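Colleague: Structure file target.cif (mmCIF, C-alpha atoms) right here:
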data_work
loop_
_atom_site.label_atom_id
_atom_site.label_comp_id
_atom_site.auth_asym_id
_atom_site.auth_seq_id
_atom_site.Cartn_x
_atom_site.Cartn_y
_atom_site.Cartn_z
CA MET A 1 -91.52 -22.77 -5.77
CA ALA A 2 -92.58 -25.73 -3.70
CA ARG A 3 -90.01 -28.33 -2.74
CA SER A 4 -91.77 -31.01 -4.72
CA MET A 5 -91.60 -28.91 -7.87
CA GLU A 6 -87.83 -28.64 -7.92
CA PRO A 7 -87.11 -32.12 -9.36
CA LEU A 8 -89.65 -31.48 -12.09
CA VAL A 9 -88.00 -28.22 -13.01
CA VAL A 10 -84.51 -29.68 -12.90
CA GLY A 11 -85.58 -32.63 -15.02
CA ARG A 12 -87.24 -30.18 -17.42
CA VAL A 13 -90.63 -31.86 -17.12
CA ILE A 14 -91.99 -28.41 -16.42
CA GLY A 15 -91.09 -26.81 -19.70
CA ASP A 16 -91.19 -29.78 -22.01
CA VAL A 17 -94.48 -31.38 -21.07
CA VAL A 18 -96.44 -29.07 -18.80
CA ASP A 19 -96.17 -25.52 -17.58
CA MET A 20 -95.45 -24.36 -14.08
CA PHE A 21 -98.22 -25.27 -11.67
CA THR A 22 -98.88 -25.54 -7.98
CA PRO A 23 -99.33 -29.08 -6.73
CA ALA A 24 -102.80 -29.51 -5.33
CA THR A 25 -103.20 -33.25 -5.01
CA GLU A 26 -101.06 -36.10 -3.89
CA MET A 27 -100.55 -38.92 -6.31
CA THR A 28 -98.46 -42.06 -5.84
CA VAL A 29 -97.57 -44.43 -8.63
CA HIS A 30 -96.41 -47.96 -7.93
CA TYR A 31 -94.97 -50.51 -10.32
CA GLY A 32 -95.39 -53.62 -8.23
CA THR A 33 -93.76 -52.75 -4.94
CA LYS A 34 -91.53 -50.03 -6.36
CA GLN A 35 -92.81 -46.51 -5.92
CA VAL A 36 -92.08 -44.03 -8.65
CA ALA A 37 -90.05 -41.09 -7.38
CA ASN A 38 -88.97 -38.18 -9.53
CA GLY A 39 -86.01 -39.20 -11.64
CA CYS A 40 -85.68 -42.76 -10.42
CA GLU A 41 -84.68 -45.50 -12.82
CA ILE A 42 -87.19 -48.23 -13.68
CA LYS A 43 -86.51 -50.98 -16.13
CA PRO A 44 -88.84 -51.50 -19.09
CA SER A 45 -89.46 -55.06 -17.97
CA ALA A 46 -90.62 -53.84 -14.57
CA SER A 47 -92.94 -51.25 -16.10
CA ALA A 48 -94.49 -53.40 -18.80
CA ASP A 49 -97.75 -53.70 -16.86
CA LYS A 50 -100.02 -50.95 -15.69
CA PRO A 51 -98.94 -49.25 -12.52
CA SER A 52 -101.25 -48.73 -9.62
CA VAL A 53 -101.95 -45.03 -9.31
CA GLN A 54 -103.45 -43.80 -6.06
CA ILE A 55 -104.92 -40.34 -5.71
CA HIS A 56 -105.12 -39.16 -2.14
CA ALA A 57 -108.15 -37.07 -1.43
CA PRO A 58 -107.43 -34.08 0.74
CA PRO A 59 -110.23 -33.57 3.26
CA PRO A 60 -112.94 -32.48 2.77
CA ALA A 61 -113.40 -35.10 0.08
CA SER A 62 -115.08 -33.53 -2.88
CA SER A 63 -116.48 -35.29 -5.85
CA ASN A 64 -113.75 -34.39 -8.24
CA LEU A 65 -112.84 -36.48 -11.18
CA TYR A 66 -109.33 -36.70 -12.49
CA THR A 67 -107.60 -37.40 -15.76
CA LEU A 68 -104.24 -39.10 -15.91
CA VAL A 69 -101.92 -38.80 -18.88
CA MET A 70 -98.62 -40.65 -19.35
CA VAL A 71 -96.24 -39.43 -22.05
CA ASP A 72 -92.65 -39.81 -23.12
CA PRO A 73 -91.13 -36.49 -24.21
CA ASP A 74 -87.88 -38.09 -25.42
CA ALA A 75 -89.12 -40.30 -28.22
CA PRO A 76 -87.31 -41.77 -30.12
CA SER A 77 -84.08 -40.42 -28.64
CA PRO A 78 -83.38 -37.63 -26.14
CA SER A 79 -80.92 -36.00 -28.51
CA GLU A 80 -83.48 -36.04 -31.32
CA PRO A 81 -87.03 -36.05 -29.97
CA ARG A 82 -88.82 -36.17 -33.30
CA TYR A 83 -91.96 -37.81 -31.89
CA ARG A 84 -92.23 -35.61 -28.84
CA GLU A 85 -94.31 -36.53 -26.99
CA TRP A 86 -95.15 -40.21 -27.31
CA LEU A 87 -98.45 -41.02 -25.70
CA HIS A 88 -98.54 -44.07 -23.45
CA TRP A 89 -101.77 -43.93 -21.42
CA ILE A 90 -104.84 -41.83 -20.81
CA VAL A 91 -107.37 -42.57 -18.08
CA VAL A 92 -110.32 -40.28 -17.47
CA ASP A 93 -113.01 -40.05 -14.80
CA ILE A 94 -110.96 -41.26 -11.90
CA PRO A 95 -112.90 -40.64 -8.73
CA GLU A 96 -111.07 -38.91 -5.97
CA GLY A 97 -109.25 -40.98 -3.39
CA SER A 98 -109.12 -44.12 -5.49
CA ASP A 99 -107.15 -46.08 -7.97
CA ALA A 100 -106.73 -45.48 -11.65
CA THR A 101 -108.58 -48.70 -12.42
CA LYS A 102 -111.80 -47.00 -11.41
CA GLY A 103 -111.59 -44.65 -14.35
CA LYS A 104 -112.26 -45.09 -18.01
CA GLU A 105 -109.20 -45.91 -20.06
CA LEU A 106 -109.24 -43.72 -23.11
CA VAL A 107 -105.92 -44.89 -24.52
CA ALA A 108 -104.65 -48.33 -23.61
CA TYR A 109 -101.51 -48.60 -21.53
CA MET A 110 -98.32 -49.14 -23.45
CA GLY A 111 -95.17 -49.93 -21.51
CA PRO A 112 -91.96 -47.98 -22.00
CA GLN A 113 -89.91 -49.17 -24.96
CA PRO A 114 -86.99 -46.75 -25.22
CA PRO A 115 -85.06 -47.62 -28.38
CA THR A 116 -82.02 -45.52 -27.61
CA GLY A 117 -80.87 -43.30 -24.80
CA ILE A 118 -82.44 -42.62 -21.42
CA HIS A 119 -86.07 -41.51 -21.67
CA ARG A 120 -88.26 -39.69 -19.20
CA TYR A 121 -91.80 -40.95 -18.64
CA VAL A 122 -94.13 -38.36 -17.16
CA PHE A 123 -97.40 -38.92 -15.31
CA ALA A 124 -99.56 -35.79 -15.30
CA LEU A 125 -102.80 -35.55 -13.33
CA PHE A 126 -105.50 -33.07 -14.25
CA ASN A 127 -108.63 -32.05 -12.41
CA GLN A 128 -111.77 -32.54 -14.45
CA LYS A 129 -114.56 -30.02 -14.23
CA GLY A 130 -117.41 -32.39 -14.85
CA LYS A 131 -117.99 -35.97 -15.76
CA VAL A 132 -116.66 -37.34 -18.93
CA MET A 133 -115.69 -34.67 -21.32
CA ALA A 134 -118.23 -34.49 -24.04
CA GLY A 135 -116.11 -33.88 -27.07
CA CYS A 136 -113.34 -36.10 -25.85
CA ARG A 137 -112.14 -38.60 -28.35
CA PRO A 138 -108.95 -40.57 -28.18
CA PRO A 139 -106.10 -39.06 -30.19
CA ASP A 140 -105.43 -40.61 -33.60
CA ALA A 141 -101.79 -41.45 -33.13
CA ARG A 142 -99.52 -41.86 -30.17
CA SER A 143 -96.69 -39.86 -31.66
CA ASN A 144 -96.42 -36.08 -31.59
CA PHE A 145 -98.92 -35.80 -28.82
CA SER A 146 -99.12 -32.53 -26.92
CA THR A 147 -100.23 -32.65 -23.32
CA ARG A 148 -100.80 -28.94 -23.26
CA ARG A 149 -103.01 -29.06 -26.31
CA PHE A 150 -104.95 -32.03 -24.99
CA ALA A 151 -105.57 -30.26 -21.70
CA ALA A 152 -106.54 -27.02 -23.39
CA ASP A 153 -108.92 -28.76 -25.78
CA ASN A 154 -110.72 -30.47 -22.95
CA GLY A 155 -110.61 -27.64 -20.47
CA LEU A 156 -108.23 -29.33 -18.07
CA GLN A 157 -105.52 -26.71 -17.48
CA PRO A 158 -103.48 -26.62 -15.25
CA PRO A 159 -102.28 -29.98 -13.86
CA VAL A 160 -102.55 -30.73 -10.17
CA ALA A 161 -99.80 -33.34 -9.81
CA ALA A 162 -96.93 -34.75 -11.81
CA VAL A 163 -94.20 -37.33 -11.39
CA TYR A 164 -91.66 -38.77 -13.78
CA PHE A 165 -89.16 -41.62 -13.97
CA ASN A 166 -86.29 -42.59 -16.24
CA SER A 167 -85.94 -45.72 -18.26
CA GLN A 168 -83.47 -47.07 -20.74
CA LYS A 169 -83.22 -50.08 -22.94
CA GLU A 170 -82.13 -53.12 -21.06
CA VAL A 171 -79.03 -54.95 -22.16
CA ALA A 172 -80.24 -57.95 -24.08
CA VAL A 173 -79.04 -61.33 -22.91
CA ARG A 174 -76.68 -62.64 -25.50
CA LYS A 175 -76.69 -66.33 -26.31
CA ARG A 176 -73.18 -67.62 -26.45
CA MET B 1 -4.17 -39.07 6.67
CA ALA B 2 -6.11 -37.26 9.26
CA ILE B 3 -7.11 -40.58 10.81
CA THR B 4 -3.58 -41.81 11.20
CA ALA B 5 -2.58 -38.48 12.67
CA ALA B 6 -5.41 -38.82 15.14
CA VAL B 7 -4.30 -42.33 16.00
CA ALA B 8 -0.71 -41.19 16.41
CA THR B 9 -1.54 -38.30 18.68
CA THR B 10 -3.87 -40.33 20.84
CA THR B 11 -1.35 -43.10 21.24
CA ALA B 12 1.16 -40.49 22.26
CA ALA B 13 -1.33 -39.11 24.74
CA ASP B 14 -1.96 -42.58 26.09
CA CYS B 15 1.71 -43.16 26.60
CA SER B 16 2.01 -39.98 28.57
CA SER B 17 -0.71 -40.65 31.11
CA ASN B 18 -2.81 -43.63 32.06
CA ARG B 19 -5.94 -41.70 32.56
CA TRP B 20 -7.80 -40.16 29.72
CA SER B 21 -7.51 -36.51 29.22
CA MET B 22 -10.58 -34.92 27.79
CA GLN B 23 -8.66 -32.04 26.40
CA SER B 24 -6.19 -34.15 24.50
CA LEU B 25 -8.92 -36.25 23.07
CA SER B 26 -11.05 -33.43 21.86
CA SER B 27 -8.08 -31.65 20.39
CA ALA B 28 -6.98 -34.77 18.56
CA LEU B 29 -10.36 -35.53 17.08
CA PRO B 30 -12.04 -33.50 14.35
CA SER B 31 -14.55 -30.98 15.61
CA LEU B 32 -17.74 -33.08 15.44
CA ASN B 33 -19.18 -32.88 18.90
CA SER B 34 -21.77 -35.62 18.69
CA ILE B 35 -19.37 -38.21 17.36
CA THR B 36 -16.67 -37.38 19.90
CA CYS B 37 -19.09 -37.66 22.78
CA SER B 38 -20.28 -41.09 21.70
CA SER B 39 -16.79 -42.37 21.03
CA ILE B 40 -15.50 -41.11 24.34
CA ARG B 41 -18.24 -42.88 26.19
CA PHE B 42 -17.43 -46.09 24.43
CA SER B 43 -13.68 -45.98 24.78
CA SER B 44 -13.63 -44.87 28.40
CA SER B 45 -15.06 -48.24 29.39
CA SER B 46 -11.97 -50.09 28.22
CA HIS B 47 -8.44 -48.73 28.28
CA CYS B 48 -6.93 -51.07 25.73
CA ARG B 49 -5.12 -49.63 22.81
CA PRO B 50 -6.52 -51.96 20.16
CA SER B 51 -10.02 -50.97 21.08
CA LEU B 52 -8.94 -47.39 20.89
CA SER B 53 -7.68 -47.82 17.40
CA LEU B 54 -10.86 -49.66 16.56
CA THR B 55 -12.97 -46.78 17.60
CA ARG B 56 -10.80 -44.44 15.70
CA THR B 57 -11.10 -46.40 12.49
CA GLN B 58 -14.78 -46.80 13.07
CA GLN B 59 -15.08 -43.12 12.93
CA ALA B 60 -13.67 -43.09 9.44
CA PRO B 61 -16.99 -43.91 7.83
CA HIS B 62 -18.60 -41.41 10.17
CA LEU B 63 -16.28 -38.77 8.88
CA PHE B 64 -17.23 -39.50 5.34
CA SER B 65 -20.92 -39.95 6.08
CA SER B 66 -21.14 -36.54 7.62
CA TYR B 67 -21.03 -35.22 4.09
CA THR B 68 -24.63 -35.86 3.02
CA GLY B 69 -23.92 -35.51 -0.65
CA LEU B 70 -26.54 -34.76 -3.25
CA ALA B 71 -29.60 -35.98 -1.33
CA SER B 72 -30.55 -32.88 0.55
CA ASN B 73 -33.48 -32.38 2.87
CA ASN B 74 -35.61 -30.36 0.48
CA PRO B 75 -36.29 -32.45 -2.64
CA LEU B 76 -37.28 -29.36 -4.58
CA LEU B 77 -33.97 -27.70 -3.97
CA SER B 78 -32.06 -30.87 -4.70
CA LEU B 79 -33.05 -30.45 -8.31
CA GLY B 80 -30.33 -27.91 -8.13
CA PHE B 81 -31.90 -25.47 -10.51
CA SER B 82 -31.70 -21.96 -9.32
CA ASP B 83 -29.96 -20.50 -6.35
CA LEU B 84 -33.35 -19.69 -4.86
CA THR B 85 -32.69 -20.85 -1.35
CA SER B 86 -35.58 -18.96 0.23
CA PHE B 87 -38.38 -21.51 -0.19
CA GLU B 88 -41.46 -19.66 0.89
CA HIS B 89 -44.48 -21.65 -0.39
CA GLY B 90 -42.16 -24.46 -1.46
CA LEU B 91 -41.96 -23.18 -5.02
CA ALA B 92 -39.36 -24.44 -7.42
CA PHE B 93 -38.61 -23.40 -10.97
CA VAL B 94 -38.63 -25.74 -13.96
CA ASP B 95 -36.87 -25.21 -17.26
CA ASN B 96 -39.60 -23.31 -19.02
CA GLY B 97 -39.96 -20.85 -16.19
CA CYS B 98 -43.19 -21.93 -14.51
CA ARG B 99 -43.35 -22.47 -10.79
CA ILE B 100 -44.32 -25.81 -9.27
CA SER B 101 -45.82 -26.00 -5.82
CA ALA B 102 -45.92 -29.13 -3.72
CA MET B 103 -49.67 -28.64 -3.03
CA ARG B 104 -52.60 -28.63 -5.47
CA HIS B 105 -53.41 -24.92 -5.06
CA GLY B 106 -55.12 -23.56 -8.17
CA ARG B 107 -54.84 -26.66 -10.32
CA ARG B 108 -58.17 -27.17 -12.05
CA VAL B 109 -57.61 -30.01 -14.50
CA PRO B 110 -59.51 -33.09 -13.29
CA LYS B 111 -57.27 -36.11 -13.44
CA LEU B 112 -60.02 -38.76 -13.09
CA ASN B 113 -57.53 -41.25 -11.59
CA ARG B 114 -56.06 -41.99 -14.98
CA PRO B 115 -52.88 -41.29 -16.91
CA PRO B 116 -53.18 -38.56 -19.53
CA ASP B 117 -53.71 -40.77 -22.55
CA GLN B 118 -56.46 -42.77 -20.90
CA ARG B 119 -58.04 -39.61 -19.58
CA ARG B 120 -58.23 -38.14 -23.05
CA ALA B 121 -59.69 -41.35 -24.43
CA LEU B 122 -62.29 -41.48 -21.66
CA LEU B 123 -63.40 -37.91 -22.30
CA ARG B 124 -63.55 -38.47 -26.04
CA GLY B 125 -65.67 -41.55 -25.52
CA LEU B 126 -68.01 -39.81 -23.11
CA THR B 127 -68.59 -36.84 -25.40
CA THR B 128 -69.22 -39.17 -28.33
CA GLN B 129 -71.81 -41.11 -26.36
CA LEU B 130 -73.45 -38.00 -25.00
CA LEU B 131 -73.80 -36.51 -28.45
CA LYS B 132 -75.13 -39.80 -29.73
CA HIS B 133 -77.67 -40.60 -27.03
CA GLY B 134 -78.54 -37.18 -25.69
CA ARG B 135 -78.53 -38.27 -22.08
CA ILE B 136 -76.11 -40.56 -20.29
CA LYS B 137 -75.65 -41.71 -16.73
CA THR B 138 -72.16 -41.63 -15.31
CA THR B 139 -70.28 -40.62 -12.18
CA ARG B 140 -70.43 -37.03 -11.04
CA ALA B 141 -66.75 -36.34 -11.50
CA ARG B 142 -66.82 -37.59 -15.09
CA ALA B 143 -69.99 -35.70 -15.89
CA SER B 144 -68.52 -32.51 -14.53
CA ALA B 145 -65.31 -33.08 -16.48
CA VAL B 146 -66.97 -33.82 -19.79
CA ARG B 147 -69.01 -30.61 -19.87
CA LYS B 148 -66.12 -28.61 -21.19
CA TYR B 149 -65.50 -30.92 -24.13
CA VAL B 150 -69.13 -31.18 -25.15
CA ASP B 151 -69.43 -27.42 -25.14
CA LYS B 152 -66.31 -27.21 -27.25
CA MET B 153 -67.74 -29.63 -29.80
CA ILE B 154 -70.98 -27.72 -30.04
CA THR B 155 -69.09 -24.49 -30.47
CA LEU B 156 -67.10 -26.03 -33.30
CA ALA B 157 -70.34 -27.14 -34.89
CA LYS B 158 -71.82 -23.69 -34.56
CA ASP B 159 -68.93 -22.28 -36.50
CA GLY B 160 -69.48 -24.81 -39.25
CA SER B 161 -66.43 -24.28 -41.44
CA LEU B 162 -64.45 -27.12 -42.95
CA HIS B 163 -61.51 -26.63 -40.66
CA LYS B 164 -63.77 -26.84 -37.59
CA ARG B 165 -65.45 -29.90 -38.98
CA ARG B 166 -62.12 -31.61 -39.37
CA GLN B 167 -61.15 -30.62 -35.87
CA ALA B 168 -64.35 -32.18 -34.58
CA LEU B 169 -63.70 -35.31 -36.63
CA GLY B 170 -60.36 -35.59 -34.91
CA PHE B 171 -61.94 -35.65 -31.50
CA ILE B 172 -65.20 -37.55 -31.83
CA TYR B 173 -64.92 -41.22 -32.53
CA GLU B 174 -67.86 -41.63 -34.92
CA LYS B 175 -68.06 -39.43 -37.97
CA GLN B 176 -71.82 -39.90 -38.43
CA ILE B 177 -72.31 -38.08 -35.17
CA VAL B 178 -70.12 -35.20 -36.28
CA HIS B 179 -72.06 -34.76 -39.50
CA ALA B 180 -75.39 -35.00 -37.72
CA LEU B 181 -74.22 -32.50 -35.13
CA PHE B 182 -73.08 -29.99 -37.72
CA ALA B 183 -76.38 -30.34 -39.51
CA GLU B 184 -78.71 -29.81 -36.59
CA VAL B 185 -76.86 -27.54 -34.19
CA GLN B 186 -77.93 -24.28 -35.76
CA GLU B 187 -81.63 -24.78 -35.25
CA ARG B 188 -81.14 -26.31 -31.85
CA TYR B 189 -78.55 -24.09 -30.19
CA GLY B 190 -78.57 -21.08 -32.46
CA GLU B 191 -79.70 -18.59 -29.84
CA ARG B 192 -78.14 -20.19 -26.80
CA ASN B 193 -74.76 -18.84 -25.77
CA GLY B 194 -72.94 -21.60 -23.98
CA GLY B 195 -74.19 -23.98 -21.32
CA TYR B 196 -75.36 -26.68 -23.63
CA THR B 197 -75.45 -29.40 -21.00
CA ARG B 198 -77.27 -30.04 -17.78
CA ILE B 199 -76.23 -32.29 -14.91
CA ILE B 200 -78.81 -33.91 -12.66
CA ARG B 201 -77.45 -35.72 -9.64
CA THR B 202 -78.99 -39.04 -8.80
CA LEU B 203 -78.70 -41.97 -6.45
CA PRO B 204 -75.32 -43.59 -5.85
CA ARG B 205 -74.33 -46.74 -7.67
CA ARG B 206 -75.00 -49.93 -5.83
CA GLY B 207 -71.67 -51.72 -6.38
CA ASP B 208 -69.29 -49.09 -5.05
CA ASN B 209 -71.53 -46.27 -3.80
CA ALA B 210 -70.12 -43.92 -6.41
CA PRO B 211 -72.14 -40.70 -6.73
CA MET B 212 -73.88 -40.78 -10.08
CA ALA B 213 -75.37 -38.11 -12.29
CA TYR B 214 -77.26 -37.80 -15.52
CA ILE B 215 -75.72 -35.44 -18.00
CA GLU B 216 -77.91 -34.36 -20.88
CA LEU B 217 -77.87 -31.94 -23.72
CA VAL B 218 -80.02 -28.97 -22.96
#
For this file, write the structure as structure tokens.
Modeller:
Amino acid sequence: MARSMEPLVVGRVIGDVVDMFTPATEMTVHYGTKQVANGCEIKPSASADKPSVQIHAPPPASSNLYTLVMVDPDAPSPSEPRYREWLHWIVVDIPEGSDATKGKELVAYMGPQPPTGIHRYVFALFNQKGKVMAGCRPPDARSNFSTRRFAADNGLQPPVAAVYFNSQKEVAVRKR
Amino acid sequence: MAITAAVATTTAADCSSNRWSMQSLSSALPSLNSITCSSIRFSSSSHCRPSLSLTRTQQAPHLFSSYTGLASNNPLLSLGFSDLTSFEHGLAFVDNGCRISAMRHGRRVPKLNRPPDQRRALLRGLTTQLLKHGRIKTTRARASAVRKYVDKMITLAKDGSLHKRRQALGFIYEKQIVHALFAEVQERYGERNGGYTRIIRTLPRRGDNAPMAYIELV
């Protein structure tokens, strides 16, 4: 098991969201200046806007296209994940070595809004075989989304990179 | 009585000869070598009789203080329990028969820097919150200490009888959580034997650099 896979296994991302895979691509996610590392804590207010996702092309640069999926496997509460997984963002057709803004946003970005408990938010990157997937339509609802099923339906298995962060509801400022 | 006898004999010795006689002195005094040496050094400087009597009376408290009384060197033995004078490993016996060592060898209960009542309340609160939220962030020592109690609660829920439910209600602070736990534990942990929690270590806390951890229900 690669060193970078261990936090994903310990945090049960591999198992709940995706299956075991070998990391093939490097992906960095930034919320403002803060880089997302596996298991780090990011406030909902800091992650309300889209992050900047950079995919690093390993040489030789090939003309691969990528799909990025962001889900929350702990919705609405980690002890009772009835809506596992809650879909937050899908971007397809990201050219290699560039930003996620270059791709087509299939599902609009929704910032983390954990109602109770500490939630994990997982970014999963898949390698696309060709340009936009023909039969690809956005899912009907955000709740009860399955990353595995989405990838299998569109021929995307297995993922090439994944990262996750934690977030919990911020303490509301009380007016005295 | 012994002091006055000592005074009398030494005055008699002084009358007999002007110079001090070591033998007469040591025979007159009680057989405590350290005290006699010090007193002899002091009194040999001056030959006056009043100072002699002074030193003699000053030894009176010394005589009594040589008896150390109840405060002995080994505090474990001073409890005075058994006649176990051989203190290998510094063990002492308490009333109910168990042995207490001065070191922490083999003691596995985490004290969490709190007295017992607060400790129990802290652990009850942590298990309640963990069962309510599913994942909490706390210090590593507390997370490691609370595992046992969460597993106990889930085991009670797996049993499911009324008596176990009431035992769980006596430990967990919110009864809604107990009822929800008893309802859902069979489908969630039915096949799993033990180990219902997972601890993930994380970055230290900023204020006091305390090592933190997430503890979550598996």
Colleague: Give me the residues of chain A that have any atom at most 8 Å from an atom of chain B; for each, the nearest atom pair and the distance in Å, rounded to one decimal. Use only C-alpha atoms, sort by chain and number, and format it as a Markdown table.
Modeller:
| residue | atom | partner | partner_atom | distance |
| --- | --- | --- | --- | --- |
| A:Val10 | CA | B:Ile200 | CA | 7.1 |
| A:Gly11 | CA | B:Ile200 | CA | 7.3 |
| A:Gly39 | CA | B:Thr202 | CA | 7.6 |
| A:Cys40 | CA | B:Thr202 | CA | 7.8 |
| A:Ser77 | CA | B:His133 | CA | 6.6 |
| A:Pro78 | CA | B:Gly134 | CA | 4.9 |
| A:Ser79 | CA | B:Gly134 | CA | 3.9 |
| A:Glu80 | CA | B:Gly134 | CA | 7.6 |
| A:Thr116 | CA | B:His133 | CA | 6.6 |
| A:Gly117 | CA | B:His133 | CA | 4.7 |
| A:Ile118 | CA | B:Arg135 | CA | 5.9 |
Colleague: Between A:Ile42, A:Val13, A:Leu65, A:Ala24, which one has atoms that come closest to Val122 (chain A), using only C-alpha atoms?
Modeller: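 The shortest atom-to-atom distance to Val122 (chain A) comes from A:Val13.
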Colleague: Go ahead and compute the interatomic distance for CA of Leu169 (chain B) and CA of Val146 (chain B), in Å to one decimal.
Modeller: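 Separating CA of Leu169 (chain B) from CA of Val146 (chain B) is a distance of 17.2 Å.
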Colleague: What does the PyMOL selection byres ((chain A and resi 17) around 10) select in this file, as a VMD selection string?
Modeller: chain A and resid 12 to 16 18 to 20 71 to 73 84 to 85 122 to 124 145 to 148
Colleague: Name the residues captured by the PyMOL selection byres ((chain A and resi 162-171) around 9) when it is applied to the shown file; answer as a PyMOL selection string.
Modeller: chain A and resi 5+8+11+13+23+27-29+36-45+112-125+159-161+172-174
Colleague: Given only C-alpha atoms as the basis, pick out the residue of A:Ser143, A:Thr33, A:Gln128, A:Ser52 nearest to Pro76 (chain A).
Modeller: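 Closest to Pro76 (chain A) of all the choices is A:Ser143.
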Colleague: So which residues fall inside 12 Å of (-107.0, -45.8, -2.8) if we count all atoms listed in the file? Mind giving them as a PyMOL selection string?
Modeller: chain A and resi 26-30+52-57+94-102
Colleague: Could you check which residues have any atom within 12 Å of (-73.4, -32.6, -38.4), counting all atoms listed in the file with coordinates taken straight from the file, and then list them as a PyMOL selection string?
Modeller: chain B and resi 131-132+153-154+156-162+164-166+168-169+172+174-188
Colleague: For Tyr109 (chain A), which residue out of A:Ala2, A:Ala151, A:Val92, A:Leu87 is the nearest one, using only C-alpha atoms?
Modeller: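 Among the listed residues, A:Leu87 lies closest to Tyr109 (chain A).
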Colleague: Here's the selection I'm unsure about, the PyMOL selection byres ((chain B and resi 138) around 6); applied to the file above, which residues does it give, as a list of chain:residue names?
Modeller: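 Written out, the selection comes to B:Lys137, B:Thr139, B:Met212, B:Ala213.
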Colleague: Quick one, how far is CA of Tyr31 (chain A) from CA of Lys129 (chain A)?
Modeller: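 Distance between the two atoms: 28.6 Å.
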Colleague: Using all atoms listed in the file, which residue out of B:Arg119, B:Val150, B:Pro211, B:Gln167 lies closest to Thr197 (chain B)?
Modeller: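 That would be B:Val150, the residue with the smallest distance to Thr197 (chain B).
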Colleague: Please compute the CA of Val69 (chain A)-CA of Ile90 (chain A) distance, one decimal, in Å.
Modeller: 4.6 Å
